[in-house]
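**Q** File follows, run25.pdb with PDB, C-alpha atoms and all ligand atoms:
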ATOM      1  CA  MET A   1     145.939 136.556  66.883
ATOM      2  CA  VAL A   2     145.335 133.254  68.617
ATOM      3  CA  ARG A   3     142.426 133.248  70.980
ATOM      4  CA  GLU A   4     143.542 133.097  74.568
ATOM      5  CA  SER A   5     141.252 130.445  75.881
ATOM      6  CA  MET A   6     139.551 127.519  74.288
ATOM      7  CA  SER A   7     137.060 127.564  77.104
ATOM      8  CA  ILE A   8     135.561 130.918  76.132
ATOM      9  CA  GLU A   9     133.965 130.612  72.706
ATOM     10  CA  GLY A  10     133.736 128.583  69.537
ATOM     11  CA  GLY A  11     132.078 125.445  68.237
ATOM     12  CA  ALA A  12     129.235 126.937  66.241
ATOM     13  CA  ALA A  13     127.386 123.637  65.986
ATOM     14  CA  ASN A  14     128.052 122.918  69.602
ATOM     15  CA  ARG A  15     127.120 126.130  71.400
ATOM     16  CA  ASP A  16     125.845 125.872  74.906
ATOM     17  CA  ASP A  17     122.304 127.163  74.868
ATOM     18  CA  GLY A  18     122.038 126.577  78.598
ATOM     19  CA  ARG A  19     120.511 123.121  78.291
ATOM     20  CA  ALA A  20     123.572 121.031  77.492
ATOM     21  CA  ARG A  21     124.224 118.349  80.091
ATOM     22  CA  GLY A  22     127.483 119.002  81.880
ATOM     23  CA  GLY A  23     128.162 122.186  79.889
ATOM     24  CA  ARG A  24     129.420 122.495  76.348
ATOM     25  CA  LEU A  25     131.884 120.058  74.908
ATOM     26  CA  ARG A  26     134.725 121.461  72.808
ATOM     27  CA  LEU A  27     136.260 119.824  69.758
ATOM     28  CA  GLY A  28     139.953 120.100  68.961
ATOM     29  CA  VAL A  29     140.667 118.948  65.420
ATOM     30  CA  ASN A  30     143.972 117.129  65.043
ATOM     31  CA  ILE A  31     145.475 117.903  61.634
ATOM     32  CA  ASP A  32     148.557 115.635  61.847
ATOM     33  CA  HIS A  33     147.442 113.377  59.033
ATOM     34  CA  VAL A  34     147.059 116.182  56.544
ATOM     35  CA  ALA A  35     150.814 116.522  57.034
ATOM     36  CA  THR A  36     151.217 112.739  56.681
ATOM     37  CA  LEU A  37     149.718 112.979  53.191
ATOM     38  CA  ARG A  38     151.794 116.024  52.305
ATOM     39  CA  ASN A  39     154.987 114.342  53.471
ATOM     40  CA  ALA A  40     154.239 111.220  51.394
ATOM     41  CA  ARG A  41     155.354 113.289  48.376
ATOM     42  CA  ALA A  42     157.744 115.551  50.282
ATOM     43  CA  GLY A  43     155.931 118.550  48.787
ATOM     44  CA  SER A  44     153.707 121.314  50.091
ATOM     45  CA  ARG A  45     150.218 119.864  49.486
ATOM     46  CA  PRO A  46     147.831 119.171  51.126
ATOM     47  CA  GLU A  47     148.502 122.076  53.472
ATOM     48  CA  PRO A  48     147.825 121.565  57.192
ATOM     49  CA  LEU A  49     147.174 125.307  57.462
ATOM     50  CA  ARG A  50     144.339 125.072  54.967
ATOM     51  CA  ALA A  51     142.855 122.218  56.999
ATOM     52  CA  ALA A  52     143.097 124.358  60.145
ATOM     53  CA  ARG A  53     141.259 127.206  58.397
ATOM     54  CA  LEU A  54     138.521 124.822  57.276
ATOM     55  CA  ALA A  55     138.263 123.428  60.801
ATOM     56  CA  ALA A  56     137.743 126.959  62.087
ATOM     57  CA  ALA A  57     135.082 127.594  59.444
ATOM     58  CA  ALA A  58     133.323 124.359  60.399
ATOM     59  CA  GLY A  59     133.099 125.435  64.051
ATOM     60  CA  ALA A  60     135.998 123.574  65.695
ATOM     61  CA  ASP A  61     137.104 125.040  69.007
ATOM     62  CA  GLY A  62     140.800 124.432  68.583
ATOM     63  CA  ILE A  63     143.555 122.890  66.512
ATOM     64  CA  THR A  64     145.642 120.018  67.825
ATOM     65  CA  ALA A  65     148.988 119.041  66.330
ATOM     66  CA  HIS A  66     151.596 116.545  67.480
ATOM     67  CA  LEU A  67     155.181 117.584  66.831
ATOM     68  CA  ARG A  68     156.921 114.213  66.993
ATOM     69  CA  GLU A  69     160.618 113.920  67.589
ATOM     70  CA  ASP A  70     161.048 112.232  64.179
ATOM     71  CA  ARG A  71     158.856 114.927  62.463
ATOM     72  CA  ARG A  72     157.011 112.179  60.603
ATOM     73  CA  HIS A  73     154.000 114.427  59.990
ATOM     74  CA  ILE A  74     153.826 117.914  61.538
ATOM     75  CA  GLY A  75     157.031 119.933  61.184
ATOM     76  CA  ASP A  76     158.482 122.914  63.011
ATOM     77  CA  GLU A  77     157.287 125.348  60.360
ATOM     78  CA  ASP A  78     153.727 124.006  60.652
ATOM     79  CA  ILE A  79     153.730 124.840  64.358
ATOM     80  CA  GLU A  80     155.093 128.290  63.712
ATOM     81  CA  ARG A  81     152.472 129.017  61.061
ATOM     82  CA  LEU A  82     149.602 127.510  63.071
ATOM     83  CA  ARG A  83     150.529 129.775  65.933
ATOM     84  CA  ARG A  84     150.960 132.837  63.753
ATOM     85  CA  GLU A  85     148.171 132.489  61.182
ATOM     86  CA  ILE A  86     145.329 130.530  62.721
ATOM     87  CA  ASP A  87     142.751 132.250  64.865
ATOM     88  CA  LEU A  88     142.016 129.250  67.085
ATOM     89  CA  PRO A  89     143.742 128.017  70.249
ATOM     90  CA  LEU A  90     146.578 125.601  69.501
ATOM     91  CA  ASN A  91     146.969 122.429  71.538
ATOM     92  CA  LEU A  92     150.517 121.174  70.977
ATOM     93  CA  GLU A  93     151.005 117.483  71.671
ATOM     94  CA  MET A  94     154.593 116.612  72.470
ATOM     95  CA  ALA A  95     156.909 114.308  74.354
ATOM     96  CA  ALA A  96     158.479 115.543  77.582
ATOM     97  CA  THR A  97     161.935 116.303  76.173
ATOM     98  CA  ASP A  98     164.164 119.357  76.450
ATOM     99  CA  GLU A  99     163.939 120.000  72.709
ATOM    100  CA  MET A 100     160.131 120.019  72.758
ATOM    101  CA  LEU A 101     159.989 122.155  75.882
ATOM    102  CA  ALA A 102     162.170 124.797  74.205
ATOM    103  CA  ILE A 103     159.846 124.777  71.169
ATOM    104  CA  ALA A 104     156.755 125.108  73.348
ATOM    105  CA  LEU A 105     158.255 127.978  75.309
ATOM    106  CA  ARG A 106     159.187 129.718  72.061
ATOM    107  CA  HIS A 107     155.733 129.430  70.477
ATOM    108  CA  ARG A 108     153.619 129.545  73.621
ATOM    109  CA  PRO A 109     150.592 127.598  72.389
ATOM    110  CA  HIS A 110     147.384 127.833  74.381
ATOM    111  CA  ALA A 111     147.906 124.275  75.649
ATOM    112  CA  VAL A 112     150.449 121.487  75.659
ATOM    113  CA  CYS A 113     149.428 117.856  75.999
ATOM    114  CA  LEU A 114     152.341 115.726  77.167
ATOM    115  CA  VAL A 115     152.262 112.298  75.515
ATOM    116  CA  PRO A 116     154.492 109.232  75.596
ATOM    117  CA  GLU A 117     156.402 108.742  72.376
ATOM    118  CA  LYS A 118     158.264 105.804  70.883
ATOM    119  CA  ARG A 119     159.908 106.114  67.495
ATOM    120  CA  THR A 120     158.778 102.651  66.433
ATOM    121  CA  GLU A 121     155.091 103.147  67.219
ATOM    122  CA  VAL A 122     152.546 103.842  64.482
ATOM    123  CA  THR A 123     150.595 106.179  66.755
ATOM    124  CA  THR A 124     150.584 107.116  70.457
ATOM    125  CA  GLU A 125     150.268 103.749  72.148
ATOM    126  CA  GLY A 126     148.866 103.996  75.646
ATOM    127  CA  GLY A 127     149.047 106.857  78.086
ATOM    128  CA  LEU A 128     151.865 108.372  80.109
ATOM    129  CA  ASP A 129     153.062 106.547  83.187
ATOM    130  CA  VAL A 130     152.675 109.514  85.522
ATOM    131  CA  ILE A 131     153.301 107.360  88.607
ATOM    132  CA  GLY A 132     156.638 105.948  87.469
ATOM    133  CA  GLY A 133     157.606 109.075  85.486
ATOM    134  CA  ARG A 134     156.841 111.620  88.189
ATOM    135  CA  ALA A 135     160.422 112.829  88.673
ATOM    136  CA  HIS A 136     160.926 113.243  84.931
ATOM    137  CA  LEU A 137     157.587 114.938  84.247
ATOM    138  CA  ALA A 138     157.504 117.368  87.189
ATOM    139  CA  PRO A 139     159.892 120.012  85.764
ATOM    140  CA  PHE A 140     158.048 119.994  82.403
ATOM    141  CA  VAL A 141     154.653 120.514  84.047
ATOM    142  CA  ALA A 142     156.122 123.300  86.185
ATOM    143  CA  ALA A 143     157.953 125.107  83.346
ATOM    144  CA  LEU A 144     154.962 125.012  81.001
ATOM    145  CA  GLY A 145     152.593 126.133  83.749
ATOM    146  CA  GLN A 146     154.874 129.024  84.684
ATOM    147  CA  ALA A 147     154.851 130.134  81.034
ATOM    148  CA  GLY A 148     151.044 130.336  81.188
ATOM    149  CA  ILE A 149     150.547 127.253  79.002
ATOM    150  CA  ARG A 150     147.730 124.953  80.053
ATOM    151  CA  VAL A 151     149.301 121.545  80.599
ATOM    152  CA  SER A 152     147.489 118.314  80.092
ATOM    153  CA  LEU A 153     148.728 114.760  80.624
ATOM    154  CA  PHE A 154     147.582 112.026  78.241
ATOM    155  CA  ILE A 155     146.793 109.028  80.436
ATOM    156  CA  GLU A 156     144.871 105.782  80.524
ATOM    157  CA  PRO A 157     141.534 105.970  82.376
ATOM    158  CA  ASP A 158     143.173 104.661  85.548
ATOM    159  CA  PRO A 159     142.387 106.281  88.932
ATOM    160  CA  ALA A 160     145.981 105.820  90.151
ATOM    161  CA  GLN A 161     147.315 107.736  87.121
ATOM    162  CA  LEU A 162     144.732 110.468  87.730
ATOM    163  CA  ASP A 163     145.813 110.760  91.371
ATOM    164  CA  ALA A 164     149.442 111.051  90.227
ATOM    165  CA  ALA A 165     148.532 113.745  87.648
ATOM    166  CA  HIS A 166     146.744 115.670  90.378
ATOM    167  CA  ARG A 167     149.738 115.397  92.728
ATOM    168  CA  LEU A 168     151.979 116.679  89.948
ATOM    169  CA  GLY A 169     149.866 119.845  89.684
ATOM    170  CA  ALA A 170     148.685 119.389  86.074
ATOM    171  CA  PRO A 171     145.389 121.258  85.603
ATOM    172  CA  VAL A 172     144.135 118.973  82.815
ATOM    173  CA  VAL A 173     144.184 115.281  81.899
ATOM    174  CA  GLU A 174     143.292 113.759  78.550
ATOM    175  CA  LEU A 175     141.913 110.233  78.805
ATOM    176  CA  HIS A 176     143.146 107.811  76.139
ATOM    177  CA  THR A 177     140.057 106.450  74.385
ATOM    178  CA  GLY A 178     142.031 104.065  72.141
ATOM    179  CA  SER A 179     141.295 100.860  74.004
ATOM    180  CA  TYR A 180     137.553 101.703  74.138
ATOM    181  CA  CYS A 181     137.501 102.453  70.389
ATOM    182  CA  ASP A 182     139.458  99.311  69.516
ATOM    183  CA  ALA A 183     137.163  96.983  71.468
ATOM    184  CA  PRO A 184     134.499  95.116  69.487
ATOM    185  CA  PHE A 185     130.968  96.396  69.947
ATOM    186  CA  GLY A 186     129.422  94.615  72.946
ATOM    187  CA  PRO A 187     130.282  93.901  76.589
ATOM    188  CA  GLU A 188     134.021  94.515  76.240
ATOM    189  CA  ARG A 189     133.476  97.981  74.756
ATOM    190  CA  ASP A 190     130.842  98.713  77.422
ATOM    191  CA  HIS A 191     133.334  97.747  80.095
ATOM    192  CA  ARG A 192     135.988 100.079  78.667
ATOM    193  CA  LEU A 193     133.424 102.867  78.378
ATOM    194  CA  GLU A 194     132.588 102.399  82.034
ATOM    195  CA  ARG A 195     136.282 102.821  82.883
ATOM    196  CA  LEU A 196     136.228 106.130  80.980
ATOM    197  CA  ARG A 197     133.092 107.241  82.845
ATOM    198  CA  ARG A 198     134.592 106.437  86.223
ATOM    199  CA  ALA A 199     137.873 108.108  85.364
ATOM    200  CA  ALA A 200     136.094 111.269  84.161
ATOM    201  CA  ALA A 201     134.102 111.405  87.419
ATOM    202  CA  HIS A 202     137.300 110.859  89.401
ATOM    203  CA  ALA A 203     139.017 113.675  87.482
ATOM    204  CA  GLN A 204     136.203 116.024  88.395
ATOM    205  CA  ALA A 205     136.373 114.998  92.055
ATOM    206  CA  LEU A 206     140.084 115.870  92.009
ATOM    207  CA  GLY A 207     139.382 119.236  90.362
ATOM    208  CA  LEU A 208     141.089 118.230  87.094
ATOM    209  CA  GLU A 209     139.672 119.375  83.761
ATOM    210  CA  CYS A 210     139.030 116.243  81.749
ATOM    211  CA  HIS A 211     139.582 115.808  78.007
ATOM    212  CA  ALA A 212     139.494 112.622  75.924
ATOM    213  CA  GLY A 213     140.708 111.417  72.575
ATOM    214  CA  HIS A 214     142.308 108.865  70.281
ATOM    215  CA  GLY A 215     140.585 106.684  67.732
ATOM    216  CA  LEU A 216     137.165 108.361  68.035
ATOM    217  CA  CYS A 217     134.836 108.189  65.025
ATOM    218  CA  PHE A 218     131.147 108.800  64.263
ATOM    219  CA  GLU A 219     130.316 105.404  65.760
ATOM    220  CA  THR A 220     132.295 105.650  68.990
ATOM    221  CA  VAL A 221     131.971 109.357  69.821
ATOM    222  CA  THR A 222     128.413 109.540  71.193
ATOM    223  CA  PRO A 223     128.839 107.568  74.461
ATOM    224  CA  VAL A 224     132.071 109.440  75.232
ATOM    225  CA  ALA A 225     130.545 112.833  74.407
ATOM    226  CA  ALA A 226     127.653 111.981  76.733
ATOM    227  CA  ILE A 227     129.993 111.773  79.746
ATOM    228  CA  PRO A 228     129.116 115.115  81.340
ATOM    229  CA  THR A 229     132.435 115.776  83.080
ATOM    230  CA  ILE A 230     134.465 115.615  79.850
ATOM    231  CA  ARG A 231     135.092 119.125  78.534
ATOM    232  CA  GLU A 232     136.961 118.525  75.291
ATOM    233  CA  LEU A 233     137.543 115.852  72.666
ATOM    234  CA  ASN A 234     140.573 115.789  70.359
ATOM    235  CA  ILE A 235     139.907 113.950  67.119
ATOM    236  CA  GLY A 236     142.080 113.619  64.027
ATOM    237  CA  HIS A 237     142.671 110.474  62.016
ATOM    238  CA  PHE A 238     139.028 109.616  61.436
ATOM    239  CA  LEU A 239     138.096 113.173  60.399
ATOM    240  CA  ILE A 240     140.951 113.437  57.920
ATOM    241  CA  GLY A 241     140.055 110.018  56.478
ATOM    242  CA  GLU A 242     136.370 110.901  56.254
ATOM    243  CA  ALA A 243     137.303 114.150  54.515
ATOM    244  CA  ILE A 244     138.315 112.074  51.476
ATOM    245  CA  PHE A 245     134.699 111.029  51.057
ATOM    246  CA  ILE A 246     132.558 113.892  52.354
ATOM    247  CA  GLY A 247     134.969 116.811  52.751
ATOM    248  CA  LEU A 248     136.659 118.095  55.883
ATOM    249  CA  GLU A 249     134.107 120.743  56.796
ATOM    250  CA  ALA A 250     131.231 118.290  56.465
ATOM    251  CA  ALA A 251     133.056 115.673  58.541
ATOM    252  CA  ILE A 252     133.770 118.191  61.315
ATOM    253  CA  ARG A 253     130.235 119.569  61.268
ATOM    254  CA  GLN A 254     128.814 116.058  61.546
ATOM    255  CA  MET A 255     131.139 115.272  64.453
ATOM    256  CA  LEU A 256     130.131 118.497  66.219
ATOM    257  CA  ALA A 257     126.454 117.686  65.668
ATOM    258  CA  LEU A 258     126.890 114.211  67.186
ATOM    259  CA  MET A 259     128.732 115.713  70.160
ATOM    260  CA  ALA A 260     126.043 118.331  70.694
ATOM    261  CA  ALA A 261     123.258 115.733  70.404
ATOM    262  CA  ALA A 262     124.982 113.496  72.965
ATOM    263  CA  ARG A 263     125.077 116.448  75.329
ATOM    264  CA  THR A 264     121.519 117.684  74.860
ATOM    265  CA  PRO A 265     118.922 116.355  77.256
ATOM    266  CA  THR A 266     115.811 114.918  75.702
ATOM    267  CA  VAL A 267     112.612 115.070  77.658
ATOM    268  CA  VAL A 268     111.114 111.591  77.657
ATOM    269  CA  PRO A 269     107.307 111.821  77.780
ATOM    270  CA  THR A 270     105.913 110.397  81.009
ATOM    271  CA  PRO A 271     102.375 109.235  81.805
ATOM    272  CA  ILE A 272     100.010 112.083  82.685
ATOM    273  CA  SER A 273      99.625 110.670  86.199
ATOM    274  CA  ALA A 274     103.351 110.854  86.978
ATOM    275  CA  PRO A 275     104.482 113.730  89.184
ATOM    276  CA  LEU A 276     106.697 116.320  87.470
ATOM    277  CA  SER A 277     109.764 115.244  89.424
ATOM    278  CA  GLU A 278     109.703 111.934  87.580
ATOM    279  CA  VAL A 279     110.291 113.526  84.187
ATOM    280  CA  GLU A 280     113.470 111.898  83.019
ATOM    281  CA  PHE A 281     116.319 113.499  81.187
ATOM    282  CA  ARG A 282     118.131 111.172  78.853
ATOM    283  CA  SER A 283     120.703 111.709  76.196
TER     284      SER A 283
HETATM  285  N1  LIG B 301     144.795 113.012  71.664
HETATM  286  C1  LIG B 301     146.102 112.670  71.738
HETATM  287  C2  LIG B 301     146.834 112.981  72.991
HETATM  288  C3  LIG B 301     146.774 112.079  70.646
HETATM  289  O1  LIG B 301     148.069 111.732  70.753
HETATM  290  C4  LIG B 301     146.048 111.874  69.442
HETATM  291  C5  LIG B 301     146.757 111.309  68.253
HETATM  292  O2  LIG B 301     147.770 112.171  67.852
HETATM  293  C6  LIG B 301     144.708 112.259  69.406
HETATM  294  C7  LIG B 301     144.088 112.800  70.539
HETATM  295  C8  LIG B 301     143.871 112.098  68.184
HETATM  296  O3  LIG B 301     143.760 110.740  67.877
HETATM  297  P1  LIG B 301     143.114 110.299  66.489
HETATM  298  O4  LIG B 301     143.996 110.867  65.420
HETATM  299  O5  LIG B 301     143.135 108.808  66.555
HETATM  300  O6  LIG B 301     141.735 110.883  66.445
END
As a first step, turn the structure in this file into structure tokens.

**A**
Amino acid sequence: MVRESMSIEGGAANRDDGRARGGRLRLGVNIDHVATLRNARAGSRPEPLRAARLAAAAGADGITAHLREDRRHIGDEDIERLRREIDLPLNLEMAATDEMLAIALRHRPHAVCLVPEKRTEVTTEGGLDVIGGRAHLAPFVAALGQAGIRVSLFIEPDPAQLDAAHRLGAPVVELHTGSYCDAPFGPERDHRLERLRRAAAHAQALGLECHAGHGLCFETVTPVAAIPTIRELNIGHFLIGEAIFIGLEAAIRQMLALMAAARTPTVVPTPISAPLSEVEFRS
């Protein structure tokens, strides 16, 4: 039922027509906050499954859901139904605990993204400390990998954390874009974007597949989507919020269009006298 690999197909609005810079960029839609709304009334609506179906119809490449230890939004039954009923790869975000590992091994999602988790936090604050947590994380990365689940580590755009993720044998890293998104427009945001660019290049040099996410919106997505070595973005809160105003499908389609535009080279006209090699490609 569930497609085996997110890297094969999908993303109608974002298809690689052979011109996209750095290859096509996938979108995983995080549906956690549909469950937040549902749980506010302890009922059954709005249904995360319905959101996942709409995401598929809008061209998303995958569904992302975070099963938190306190089950504040997504619950166990949501994971079971997402795995059973949705025809898109599932990226399960979870803490590195024995309980979560058992759940992942039972449902065998396409991917697991290991994230740090504190009960008191409002959302995932900061990335994993892969350097300090190496001994704890190693058996989780190994067990998930052996089960054929693609493991990613959610980390800050820090070269030392990337090196540690590489040493641990994780095939994928997801760069935390929260601090870039939170920065005011201007030099501070530019600086944080540059950190993301360097980290994405470093990931590629290490042979790690690079994803990114957290806090992205229509305003902040374009510069991140333009980083050619990033292969996937995971976006949730903004899309679910925007759905209130323009609908979920429209919000996802607009996000996919922005991602595709950021990835598509534009030929900038050059003076007739300039040699062909000087034709510039800009996003
Ligand atoms: N990626 C990871 C690893 C996350 O933990 C989250 C939040 O659950 C997201 C992406 C999506 O973040 P947001 O909901 O802010 O778009």

**Q** Just say which residues the PyMOL selection byres (((chain A and resi 245-254) around 8) and not hetatm) picks in this file, as a list in words.

**A** Ala13, Ala51, Leu54, Ala55, Ala57, Ala58, Gly59, Ala60, Leu239, Ile240, Gly241, Glu242, Ala243, Ile244, Met255, Leu256, Ala257 and Leu258 of chain A

**Q** Please check which protein, DNA or RNA residues sit within 7 Å of ligand LIG 301 (chain B), counting all atoms listed in the file, and write them as a list in words.

**A**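 Within the 7 Å cut-off, the matching residues are Asn30, Asp32, His66, Glu93, Cys113, Val115, Thr123, Thr124, Phe154, Glu174, Ala212, Gly213, His214, Gly215, Leu216, Asn234, Ile235, Gly236, His237 and Phe238 of chain A.
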
**Q** So that I can see what lies close to Leu168 in chain A, please list as a list in words the residues with an atom at most 12 Å from it, counting all atoms listed in the file and leaving out residues fewer than 2 positions away in the same chain.

**A**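 The filter keeps Val130, Ile131, Gly132, Gly133, Arg134, Ala135, His136, Leu137, Ala138, Pro139, Phe140, Val141, Ala142, Gly145, Val151, Ser152, Leu153, Gln161, Leu162, Asp163, Ala164, Ala165, His166, Ala170, Pro171, Val172, Val173 and Leu208 of chain A.
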
**Q** Do a neighbour search on Ala65 in chain A at 9 Å with all atoms listed in the file, toss out local chain neighbours closer than 5 positions, and write the hits as a VMD selection string.

**A** chain A and resid 29 to 32 74 78 to 79 90 to 94

**Q** Expand the PyMOL selection byres (((chain A and resi 86) around 9) and not hetatm) into the individual residues it matches in the shown file, reporting them as a list in words.

**A**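 For this structure, the PyMOL selection byres (((chain A and resi 86) around 9) and not hetatm) captures Met1, Val2, Leu49, Ala52, Arg53, Ala56, Ile63, Arg81, Leu82, Arg83, Arg84, Glu85, Asp87, Leu88, Pro89 and Leu90 of chain A.
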
**Q** For Leu67 in chain A, which residue out of A:Thr220, A:Thr266, A:Thr97, A:Ser179 is the nearest one, using only C-alpha atoms?

**A**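 Among the listed residues, the smallest separation from Leu67 in chain A belongs to A:Thr97.
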
**Q** When the PyMOL selection byres (((chain A and resi 226) around 8) and not hetatm) is applied to the file above, which residues end up in the set, as a list of chain:residue names?

**A**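 After applying the PyMOL selection byres (((chain A and resi 226) around 8) and not hetatm), what remains is A:Arg21, A:Thr222, A:Pro223, A:Val224, A:Ala225, A:Ile227, A:Pro228, A:Met259, A:Ala262, A:Arg263, A:Ser283.
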
**Q** Which residues of range 142-174 of chain A sit at most 12 Å from range 180-193 of chain A, using only C-alpha atoms? Give each one's shortest atom pair and distance in Å (one decimal place), in chain and ascending residue order, as a tab-separated table.

**A**
residue	atom	partner	partner_atom	distance
A:Glu156	CA	A:Tyr180	CA	10.5
A:Pro157	CA	A:Arg192	CA	8.9
A:Asp158	CA	A:Arg192	CA	11.0

**Q** Range 159-174 of chain A, all listed atoms, 8 Å padding on each side: what axis-aligned box centre and edge lengths in Å to one decimal come out, as JSON?

**A**
{"center_x": 147.2, "center_y": 113.5, "center_z": 85.6, "size_x": 25.6, "size_y": 31.4, "size_z": 30.2}
